[in-house]
Amino acid sequence: MTATPLTLYNSLTRSLERFVPIDPALVRVYTCGPTVYNYQHIGNMRAFLFADTLGRVLRWKGYPTRHVINITDVGHLTSDADAGDDKMEKAAAAEARSIWEIAAHYTQAFKDDVARLNIDPPAEWTVATEHIPQMIAFAQAIEKDCYLIEGGLYFDTTRVPNYGSLARAVSDEGESRIDPVSGKRHPQDFAIWRRSPPGEQRQMEWDSPWGKGAPGWHLECSVMSRQHLGHPFDIHTGGIDHREIHHPNEIAQNQAFCGCDDSGARIWMHNNFLVDRGAKMSKSSGDFLRLQTLVDAGVHPLAYRLMCLQAQYRSELEFTWENLAAAFTRLKRLVIARDALRARDDYVLKGDAEPYLAQLDEAVSDDLNTPRALIALDAMLADKRLSPATRLRALEDFDAVLGLELVTLKRDALRLRPVDATLDDSGVDALLAARKDARAAKDFAASDAIRDELAAAGVEVMDGDPLGWDWKLAL
């Protein structure tokens, strides 16, 4: 199979570009990670699924890859626009716990969600509070491009050329408008170091040349990407919301540090939003959809991964429970198709799956077009000209890219009990045994009554299927 050149959409140039690594021996990727003041909602997790798909494609295409994801445990304010309270301090006060406890709890919860979605962990998780001395040193190196006001050290965005070109904003009314802070010279200027207010002691604060305080949110990514990947590195990823403020500020810092046009990364990539018309994709309301919400409804986490793969990462994706249920059904059918192949006994390799692997390669090489890859997967599994062994071997390649655990996922693992289910598995089995006895005695009225009882309890009876029954989704 002749490999298709990989093309990726670069947000910085607003164009598709052929990917050529800086160093063919190691591709370096940085992903903006979570601010760990709360659980991550499913919209947040789309960004990490996208970054995981990118990493899988790079490795599958033969590029050794080093991937770094940061953990923001200080510096991120309640407004991305450089204003408001520190998210971590605010969460600690609300939950009456130390900020360190908040960070540890929600960091672990995020990593648990990463594992449940079969996202490959990065080579390194970098934590903001473990890099404070490096941030202070970086700030000192760019101090000539900053100015000191009562609130702290602020970066003067007029000191770098083409500020905001990533966001394509040209005024304070544009996409990257930043809320006013007293003493700032320009609306887009942003904090490098925030002084602690007089008479107030933060839980997280450090001594600095500009007074006791904490780093600005944007500083950490410039510092940690440089330290752990070097500059320039290959690819920087994040959600599309970062394209408007956070990443332009990161680029400005990088340019000031090197005194050149180095943005930090050669390619900047952004996934689009997951949209919930029910307005539950924001954590500000306190009522938002997280991965555990889906599990509590009886949905396997990999169904959400599949739902995301069914849309190209740069496309806006609408979340509905119906869309999720359809993805869950599709996942079950893929596992059923795999099991049907494994049940066959003609395991001599026959036929050539290379055309389907070429389709997979062409799809993901076209800016990670996973919807096309899924179409090729369905066609390959249904192609009866190929022996079961041939299709199962090809399935391994598809799964290496898609990450759906199609090689190892057990069908009964997809049978998740909804949190509000009135029966447990043993209760279901007991009723099914009673129904079997009724059918054997030709007492069809009793059999139908038991089936109705199971249906009312959210159980779907599947006569003739080896699994026998499944939970209906509590949607």
# chains A, B, ... in the order shown; residues from 1 in each chain; ligands from 1
>>> residues_around(residues="His236 of chain A", least_positions_apart="6", cutoff="10 Å", atoms="only C-alpha atoms", output="number ranges by chain")
A: 10, 28-32, 51, 67-68, 225, 247, 264-270
>>> residues_around(residues="Leu58 of chain A", least_positions_apart="5", cutoff="12 Å", atoms="only C-alpha atoms", output="ChimeraX atom specification")
/A:5-8,19-21,24,26-29,51-53,63-67,234-235,361,364-365,367-368,400-401
>>> atom_distance(atom1="atom CA of Leu309 of chain A", atom2="atom CA of Arg116 of chain A")
15.7 Å
>>> select_by_dssp(residues="segment 84-243 of chain A", states="strand (DSSP E or B)", output="number ranges by chain")
A: 84-86, 124-127, 146-149, 152-155, 190-195, 206, 213-215, 233-239
>>> residues_around(residues="Tyr163 of chain A", least_positions_apart="3", cutoff="8 Å", atoms="only C-alpha atoms", output="list in words")
Thr157, Thr158, Val160, Pro248 and Ala252 of chain A
>>> closest_residue(among="A:Val127, A:Met462, A:Ile240, A:Met45", to="Arg305 of chain A", atoms="only C-alpha atoms")
A:Met45
>>> residues_around(residues="Gln140 of chain A", least_positions_apart="6", cutoff="10 Å", atoms="only C-alpha atoms", output="PyMOL selection string")
chain A and resi 134+146+192+208-210+257
>>> atom_distance(atom1="atom CA of Pro215 of chain A", atom2="atom CA of His186 of chain A")
19.7 Å
>>> select_by_dssp(residues="segment 275-352 of chain A", states="alpha helix (DSSP H)", output="PyMOL selection string")
chain A and resi 291-296+301-309+321-343
>>> residues_around(residues="Lys350 of chain A", least_positions_apart="6", cutoff="10 Å", atoms="only C-alpha atoms", output="number ranges by chain")
A: 385-391
>>> closest_residue(among="A:Gly278, A:Gly464, A:Gly259, A:Gly238", to="Arg314 of chain A", atoms="only C-alpha atoms")
A:Gly238
>>> closest_residue(among="A:Arg14, A:Arg56, A:His218, A:Arg451", to="Gly403 of chain A", atoms="only C-alpha atoms")
A:Arg56
>>> residues_around(residues="Val459 of chain A", least_positions_apart="5", cutoff="10 Å", atoms="only C-alpha atoms", output="ChimeraX atom specification")
/A:417,421-423,425,428,451-454,469-473
>>> residues_around(residues="Ala382 of chain A", least_positions_apart="5", cutoff="10 Å", atoms="only C-alpha atoms", output="PyMOL selection string")
chain A and resi 337+376-377+391
>>> write_last_selection(atoms="N, CA, C and O atoms", output="mmCIF file, in the first residue's frame")
data_model
loop_
_atom_site.group_PDB
_atom_site.id
_atom_site.type_symbol
_atom_site.label_atom_id
_atom_site.label_comp_id
_atom_site.auth_asym_id
_atom_site.auth_seq_id
_atom_site.Cartn_x
_atom_site.Cartn_y
_atom_site.Cartn_z
ATOM 1 N N ALA A 337 -20.650 -7.681 14.605
ATOM 2 C CA ALA A 337 -20.026 -8.093 13.339
ATOM 3 C C ALA A 337 -18.682 -8.757 13.590
ATOM 4 O O ALA A 337 -18.347 -9.773 12.958
ATOM 5 N N ALA A 376 -15.402 3.249 5.449
ATOM 6 C CA ALA A 376 -14.520 2.199 4.945
ATOM 7 C C ALA A 376 -14.526 0.989 5.872
ATOM 8 O O ALA A 376 -14.488 -0.166 5.411
ATOM 9 N N LEU A 377 -14.599 1.227 7.185
ATOM 10 C CA LEU A 377 -14.656 0.131 8.151
ATOM 11 C C LEU A 377 -15.910 -0.705 7.947
ATOM 12 O O LEU A 377 -15.855 -1.951 7.905
ATOM 13 N N ARG A 391 -10.489 -10.032 7.399
ATOM 14 C CA ARG A 391 -11.209 -8.882 7.922
ATOM 15 C C ARG A 391 -10.810 -8.567 9.361
ATOM 16 O O ARG A 391 -10.679 -7.400 9.742
#
